[in-house]
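Asks: One file is attached below, run_14.cif, containing mmCIF, C-alpha atoms and all ligand atoms.
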data_target
loop_
_atom_site.label_atom_id
_atom_site.label_comp_id
_atom_site.auth_asym_id
_atom_site.auth_seq_id
_atom_site.Cartn_x
_atom_site.Cartn_y
_atom_site.Cartn_z
CA MET A 1 66.44 52.47 131.66
CA GLU A 2 64.08 52.58 128.66
CA GLY A 3 65.43 53.89 125.33
CA GLY A 4 69.15 53.29 125.60
CA SER A 5 72.24 55.14 126.62
CA ILE A 6 72.84 58.05 128.95
CA LYS A 7 74.40 60.88 126.99
CA ILE A 8 77.34 62.67 128.52
CA LYS A 9 79.89 64.91 126.86
CA ARG A 10 83.14 64.90 128.81
CA LEU A 11 85.83 67.57 128.41
CA ASP A 12 89.09 67.22 130.32
CA LYS A 13 91.91 69.63 131.15
CA ILE A 14 89.91 72.77 130.53
CA ASN A 15 91.65 76.03 131.42
CA GLU A 16 89.70 79.14 132.40
CA HIS A 17 89.80 80.62 128.91
CA LYS A 18 88.46 77.37 127.45
CA LEU A 19 85.70 77.23 130.07
CA LEU A 20 84.56 80.69 128.98
CA GLU A 21 84.58 79.44 125.37
CA ILE A 22 82.45 76.44 126.31
CA ALA A 23 79.98 78.77 128.05
CA ARG A 24 79.89 80.85 124.88
CA VAL A 25 79.05 77.83 122.72
CA ILE A 26 76.31 76.76 125.10
CA ALA A 27 74.88 80.30 125.12
CA GLU A 28 74.61 80.09 121.34
CA TYR A 29 72.29 77.08 121.57
CA THR A 30 70.16 78.33 124.43
CA PHE A 31 66.39 78.58 124.16
CA PRO A 32 63.86 80.49 126.31
CA GLY A 33 62.73 78.49 129.31
CA MET A 34 66.05 76.66 129.57
CA ASN A 35 67.36 75.45 132.92
CA ILE A 36 71.13 75.12 133.29
CA LEU A 37 72.15 73.44 136.53
CA LEU A 38 75.75 74.01 137.60
CA TYR A 39 77.22 71.33 139.84
CA GLY A 40 80.69 71.27 141.37
CA ASP A 41 82.62 71.92 144.57
CA LEU A 42 83.46 75.42 145.84
CA GLY A 43 85.68 77.23 143.38
CA THR A 44 85.36 74.80 140.48
CA GLY A 45 84.09 77.53 138.13
CA LYS A 46 80.29 77.73 138.24
CA THR A 47 80.31 81.52 138.44
CA THR A 48 83.09 81.73 135.85
CA PHE A 49 80.96 79.67 133.47
CA THR A 50 77.96 81.90 134.18
CA LYS A 51 80.04 85.02 133.46
CA GLY A 52 81.06 83.63 130.06
CA PHE A 53 77.49 82.61 129.33
CA ILE A 54 75.89 85.95 130.25
CA ARG A 55 78.52 88.09 128.50
CA SER A 56 78.09 86.08 125.37
CA TYR A 57 74.29 85.89 125.52
CA LEU A 58 73.97 89.63 126.07
CA GLY A 59 76.82 90.46 123.70
CA ASP A 60 78.43 92.60 126.39
CA GLU A 61 81.97 91.70 127.41
CA GLU A 62 82.08 94.43 130.07
CA ILE A 63 79.13 93.29 132.13
CA ASN A 64 79.95 92.45 135.71
CA VAL A 65 78.83 88.96 136.72
CA THR A 66 79.37 87.94 140.33
CA SER A 67 77.67 85.48 142.61
CA PRO A 68 74.31 86.73 143.90
CA THR A 69 74.98 85.22 147.33
CA PHE A 70 72.99 87.72 149.37
CA ALA A 71 69.95 88.06 147.11
CA LEU A 72 70.26 84.42 145.93
CA VAL A 73 68.99 85.39 142.48
CA ARG A 74 70.15 88.17 140.17
CA ILE A 75 68.22 89.04 137.03
CA TYR A 76 69.87 90.23 133.82
CA GLU A 77 67.29 92.19 131.87
CA ASN A 78 66.99 91.32 128.22
CA SER A 79 64.18 90.32 125.83
CA VAL A 80 64.70 86.90 127.36
CA LYS A 81 65.62 87.44 131.00
CA ILE A 82 68.52 85.56 132.54
CA TYR A 83 68.20 84.46 136.17
CA HIS A 84 71.48 83.65 137.91
CA ALA A 85 70.98 81.88 141.23
CA ASP A 86 73.52 80.82 143.83
CA LEU A 87 71.69 78.66 146.33
CA TYR A 88 74.68 77.86 148.55
CA ARG A 89 73.14 79.82 151.42
CA LEU A 90 69.61 78.63 150.92
CA SER A 91 68.67 77.03 154.20
CA ASP A 92 65.26 75.67 153.28
CA PRO A 93 63.83 74.80 149.84
CA GLU A 94 60.54 76.29 151.08
CA GLU A 95 62.12 79.69 150.31
CA ILE A 96 62.33 78.93 146.59
CA PRO A 97 58.90 80.34 145.66
CA TYR A 98 59.87 83.63 147.37
CA VAL A 99 63.24 84.19 145.71
CA GLY A 100 61.77 84.44 142.21
CA LEU A 101 62.93 81.24 140.61
CA PHE A 102 60.91 79.53 137.90
CA ASP A 103 58.10 82.13 137.75
CA ASP A 104 59.07 83.21 134.25
CA SER A 105 58.45 80.36 131.84
CA ASP A 106 60.50 82.12 129.13
CA GLY A 107 63.44 82.88 131.42
CA ILE A 108 66.85 81.25 131.26
CA TYR A 109 67.89 79.89 134.65
CA LEU A 110 71.53 79.34 135.59
CA ILE A 111 71.66 77.76 139.00
CA GLU A 112 74.68 77.17 141.22
CA TRP A 113 74.24 74.61 144.01
CA PRO A 114 71.06 73.09 142.48
CA GLU A 115 71.26 70.34 145.12
CA ARG A 116 69.57 72.87 147.41
CA LEU A 117 66.42 72.86 145.26
CA GLU A 118 65.44 69.43 146.58
CA TYR A 119 61.75 68.96 145.62
CA TYR A 120 61.82 72.16 143.51
CA MET A 121 64.27 70.50 141.10
CA PRO A 122 63.01 71.12 137.56
CA ASP A 123 62.01 68.00 135.64
CA GLU A 124 64.10 68.92 132.62
CA TYR A 125 67.50 70.61 132.44
CA LEU A 126 70.99 70.83 131.03
CA LYS A 127 73.55 69.70 133.58
CA ILE A 128 77.08 71.08 133.79
CA GLN A 129 79.24 69.20 136.26
CA LEU A 130 82.63 70.72 137.08
CA TYR A 131 85.47 68.82 138.73
CA TYR A 132 88.90 69.85 139.95
CA ASN A 133 91.74 68.47 137.86
CA GLU A 134 95.05 67.48 139.52
CA ASN A 135 96.51 70.59 137.85
CA ILE A 136 94.98 73.64 139.60
CA GLU A 137 94.76 75.56 136.31
CA TYR A 138 92.42 72.96 134.79
CA ARG A 139 88.93 71.62 135.33
CA ASP A 140 87.23 68.51 133.99
CA ILE A 141 83.67 68.96 132.80
CA GLU A 142 80.72 66.71 132.08
CA ILE A 143 77.73 67.99 130.15
CA SER A 144 74.49 66.03 130.14
CA TYR A 145 70.76 66.61 130.06
CA VAL A 146 67.40 65.36 131.22
CA GLY A 147 64.33 65.88 129.03
CA GLU A 148 63.59 65.47 125.34
CA LYS A 149 63.52 69.18 124.57
CA TYR A 150 67.21 69.40 125.53
CA GLU A 151 68.30 66.65 123.17
CA LYS A 152 68.80 68.80 120.07
CA THR A 153 70.63 71.47 122.04
CA PHE A 154 72.87 68.85 123.64
CA GLU A 155 73.72 67.26 120.28
CA LYS A 156 74.61 70.70 118.87
CA ILE A 157 76.80 71.52 121.84
CA LYS A 158 78.49 68.11 121.54
CA GLU A 159 79.19 68.70 117.86
CA GLU A 160 80.63 72.18 118.47
CA LEU A 161 82.83 71.03 121.33
CA GLN A 162 84.59 68.15 119.57
N1 LIG A 201 90.15 76.10 134.43
C1 LIG A 201 89.50 76.93 135.23
N2 LIG A 201 88.17 77.09 135.08
C2 LIG A 201 87.49 77.94 135.92
N3 LIG A 201 88.04 78.64 136.92
C3 LIG A 201 89.36 78.51 137.09
C4 LIG A 201 90.14 77.66 136.27
N4 LIG A 201 91.41 77.73 136.69
C5 LIG A 201 91.43 78.57 137.71
N5 LIG A 201 90.19 79.07 137.97
C6 LIG A 201 89.87 80.01 139.06
O1 LIG A 201 89.03 79.31 139.96
C7 LIG A 201 88.06 80.20 140.51
C8 LIG A 201 86.67 79.70 140.18
O2 LIG A 201 85.77 80.47 140.91
P1 LIG A 201 84.21 80.50 140.68
O3 LIG A 201 83.71 81.61 141.54
O4 LIG A 201 83.89 80.54 139.23
O5 LIG A 201 83.79 79.08 141.29
P2 LIG A 201 82.37 78.61 141.79
O6 LIG A 201 82.23 77.17 141.37
O7 LIG A 201 81.31 79.55 141.34
O8 LIG A 201 82.51 78.65 143.38
P3 LIG A 201 81.37 78.78 144.50
O9 LIG A 201 80.90 77.38 144.80
O10 LIG A 201 82.09 79.38 145.65
O11 LIG A 201 80.27 79.66 143.98
C9 LIG A 201 88.33 81.57 139.89
O12 LIG A 201 89.14 82.30 140.78
C10 LIG A 201 89.08 81.24 138.62
O13 LIG A 201 89.97 82.27 138.24
MG MG A 202 79.92 80.68 142.39
#
Would you mind writing the structure in this file as structure tokens?
Replies:
Amino acid sequence: MEGGSIKIKRLDKINEHKLLEIARVIAEYTFPGMNILLYGDLGTGKTTFTKGFIRSYLGDEEINVTSPTFALVRIYENSVKIYHADLYRLSDPEEIPYVGLFDDSDGIYLIEWPERLEYYMPDEYLKIQLYYNENIEYRDIEISYVGEKYEKTFEKIKEELQ
């Protein structure tokens, strides 16, 4: 690969409270048009992360954030809109243009099960990969990115999450 190392920030033994904190830090360094792809098996914490992110971004700790499984995408209205997608039940990537993903170039997109995007995968994104830890109260997390415009954000997040 041209230009050196792959950059990954790894955080191990993260309890639920800490995961919400991490989401909060990431929300602080979010910019309009950002794609956040959430990878991980069922129940690893993708929606939990999203809840922490949205509550922090909107400054509203009471807001209810659940998986938009039926609608696939739920929109949180704000000056910069947040689009929360759960694509687990997406049967065909051809549906993507009809569910309202990526139409808003200023929107922030949080996407669970991004594998389902296939050829609609964005070119540039922040990647959050969640893994089960041997202790059921913990998760292991890897944060990485693709695309130059995410570099600064990633470095900031890395600094904050020492
Ligand atoms: N360290 C942890 N981080 C996140 N969630 C945790 C942790 N420990 C326990 N949990 C629990 O694990 C569950 C995670 O569920 P969540 O809905 O966030 O997962 P998900 O990855 O979105 O799953 P799905 O693929 O079904 O959408 C919650 O019930 C949460 O309370
Ligand atoms: Mg979920």
Asks: With 6 Å as the cut-off and all atoms listed in the file counted, what is the closest atom pair between each nearby residue of chain A and ligand MG 202 (chain A)? Distances in Å to one decimal, ordered by chain and number, as JSON lines.
Replies:
{"residue": "A:Lys46", "atom": "CA", "partner": "A:MG202", "partner_atom": "MG", "distance": 5.1}
{"residue": "A:Thr47", "atom": "CA", "partner": "A:MG202", "partner_atom": "MG", "distance": 4.1}
{"residue": "A:Ser67", "atom": "CA", "partner": "A:MG202", "partner_atom": "MG", "distance": 5.3}
Asks: Keeping only C-alpha atoms, take the residues you just selected and write them out as a compact mmCIF listing (two decimals), in the frame of the given file.
Replies:
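The resulting file, selection_39.txt, is reproduced below:
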# COMPACT_ATOMS: atom_id res chain seq x y z
CA LYS A 46 80.29 77.73 138.24
CA THR A 47 80.31 81.52 138.44
CA SER A 67 77.67 85.48 142.61
Asks: Which residues of chain A come within 7 Å of ligand LIG 201 (chain A), and what is each one's closest atom pair and distance in Å (one decimal), counting all atoms listed in the file, sorted by chain and residue number, as a tab-separated table?
Replies:
residue	atom	partner	partner_atom	distance
A:Ile14	CA	A:LIG201	N1	5.1
A:Asn15	CA	A:LIG201	N1	3.4
A:Glu16	CA	A:LIG201	C1	3.6
A:Leu19	CA	A:LIG201	N2	5.6
A:Gly40	CA	A:LIG201	O6	6.1
A:Asp41	CA	A:LIG201	O9	5.7
A:Leu42	CA	A:LIG201	O9	3.4
A:Gly43	CA	A:LIG201	O5	3.4
A:Thr44	CA	A:LIG201	O6	4.0
A:Gly45	CA	A:LIG201	O4	3.2
A:Lys46	CA	A:LIG201	O6	3.7
A:Thr47	CA	A:LIG201	O7	3.6
A:Thr48	CA	A:LIG201	O4	3.7
A:Phe49	CA	A:LIG201	O4	6.5
A:Ser67	CA	A:LIG201	O11	6.5
A:Asp86	CA	A:LIG201	O11	6.9
A:Glu112	CA	A:LIG201	O11	6.7
A:Ile136	CA	A:LIG201	N4	6.2
A:Glu137	CA	A:LIG201	N4	4.0
A:Tyr138	CA	A:LIG201	N1	3.9
A:Arg139	CA	A:LIG201	N1	4.7
Asks: Tell me which of A:Glu159, A:Glu142, A:Glu148, A:Glu61 sits closest to Arg10 in chain A, counting only C-alpha atoms.
Replies: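 Closest to Arg10 in chain A, using only C-alpha atoms: A:Glu142.
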Asks: Out of A:Ile128, A:Gly147, A:Asp140, A:Ala71, which residue has the shortest atom-to-atom distance to Ile26 in chain A when counting only C-alpha atoms?
Replies: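 Checking each candidate against Ile26 in chain A, we get A:Ile128 as the closest.
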Asks: Measure the distance from CA of Ile111 in chain A to CA of His84 in chain A in Å and round it to one decimal.
Replies: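 Going from CA of Ile111 in chain A over to CA of His84 in chain A, I get 6.0 Å.
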Asks: Any idea what the distance is between CA of Val146 in chain A and CA of Lys7 in chain A?
Replies: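 CA of Val146 in chain A sits 9.3 Å away from CA of Lys7 in chain A.
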Asks: At what distance in Å, to one decimal, does CA of Phe70 in chain A lie from CA of Arg116 in chain A?
Replies: 15.4 Å
Asks: Can you list, as an mmCIF file with C-alpha atoms, in the coordinates of the input, every protein, DNA or RNA residue that comes within 7 Å of range 90-102 of chain A when you count all atoms listed in the file, leaving out same-chain residues fewer than 6 positions away?
Replies:
data_model
loop_
_atom_site.group_PDB
_atom_site.id
_atom_site.type_symbol
_atom_site.label_atom_id
_atom_site.label_comp_id
_atom_site.auth_asym_id
_atom_site.auth_seq_id
_atom_site.Cartn_x
_atom_site.Cartn_y
_atom_site.Cartn_z
ATOM 1 C CA VAL A 73 68.990 85.390 142.480
ATOM 2 C CA ARG A 116 69.570 72.870 147.410
ATOM 3 C CA LEU A 117 66.420 72.860 145.260
ATOM 4 C CA GLU A 118 65.440 69.430 146.580
#
Asks: Excluding Ala23 in chain A and any residue of its chain fewer than 2 positions from it, enumerate the residues within 10 Å of it, using only C-alpha atoms, and give them as a list in words.
Replies: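 So, after excluding close chain neighbours, the residues are Lys18, Leu19, Leu20, Glu21, Val25, Ile26, Ala27, Glu28, Thr48, Phe49, Thr50, Lys51, Gly52, Phe53, Ile54, Arg55, Ser56 and Tyr57 of chain A.
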Asks: Write out, as a CSV table (one decimal), in the coordinates of the input, the residues just selected, with C-alpha atoms.
Replies:
chain,number,residue,atom,x,y,z
A,18,LYS,CA,88.5,77.4,127.4
A,19,LEU,CA,85.7,77.2,130.1
A,20,LEU,CA,84.6,80.7,129.0
A,21,GLU,CA,84.6,79.4,125.4
A,25,VAL,CA,79.0,77.8,122.7
A,26,ILE,CA,76.3,76.8,125.1
A,27,ALA,CA,74.9,80.3,125.1
A,28,GLU,CA,74.6,80.1,121.3
A,48,THR,CA,83.1,81.7,135.8
A,49,PHE,CA,81.0,79.7,133.5
A,50,THR,CA,78.0,81.9,134.2
A,51,LYS,CA,80.0,85.0,133.5
A,52,GLY,CA,81.1,83.6,130.1
A,53,PHE,CA,77.5,82.6,129.3
A,54,ILE,CA,75.9,86.0,130.2
A,55,ARG,CA,78.5,88.1,128.5
A,56,SER,CA,78.1,86.1,125.4
A,57,TYR,CA,74.3,85.9,125.5
Asks: From the set A:Ser79, A:Thr153, A:Asn64, A:Ser144, which residue has the shortest atom-to-atom contact distance to Ile108 in chain A, counting only C-alpha atoms?
Replies: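 Looking at the shortest contact to Ile108 in chain A, the residue is A:Ser79.
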Asks: Would you kindly return, as an MDAnalysis selection string, each protein, DNA or RNA residue with an atom no farther than 8 Å from any atom of Lys158 in chain A, considering all atoms listed in the file and excluding same-chain residues fewer than 4 positions away?
Replies: chainID A and resid 9 154 162
Asks: Can you sort out the box for range 112-123 of chain A, edges along x, y and z, all listed atoms in, 6 Å on every side, with centre and edge lengths in Å to one decimal, as lines of an AutoDock Vina configuration file?
Replies:
center_x = 68.2
center_y = 72.6
center_z = 141.5
size_x = 24.9
size_y = 21.2
size_z = 23.8
Asks: For a quick check of understanding, using all atoms listed in the file, which of A:Leu161, A:Leu58, A:Ile36, A:Ile82 has the smallest distance to Asp106 in chain A?
Replies: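 Selected residue with least distance to Asp106 in chain A: A:Ile82.
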Asks: Under the rule that only C-alpha atoms are counted, which of A:Leu11, A:Leu87, A:Leu110, A:Leu37 is the nearest residue to Ile75 in chain A?
Replies: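 Closest to Ile75 in chain A of all the choices is A:Leu110.
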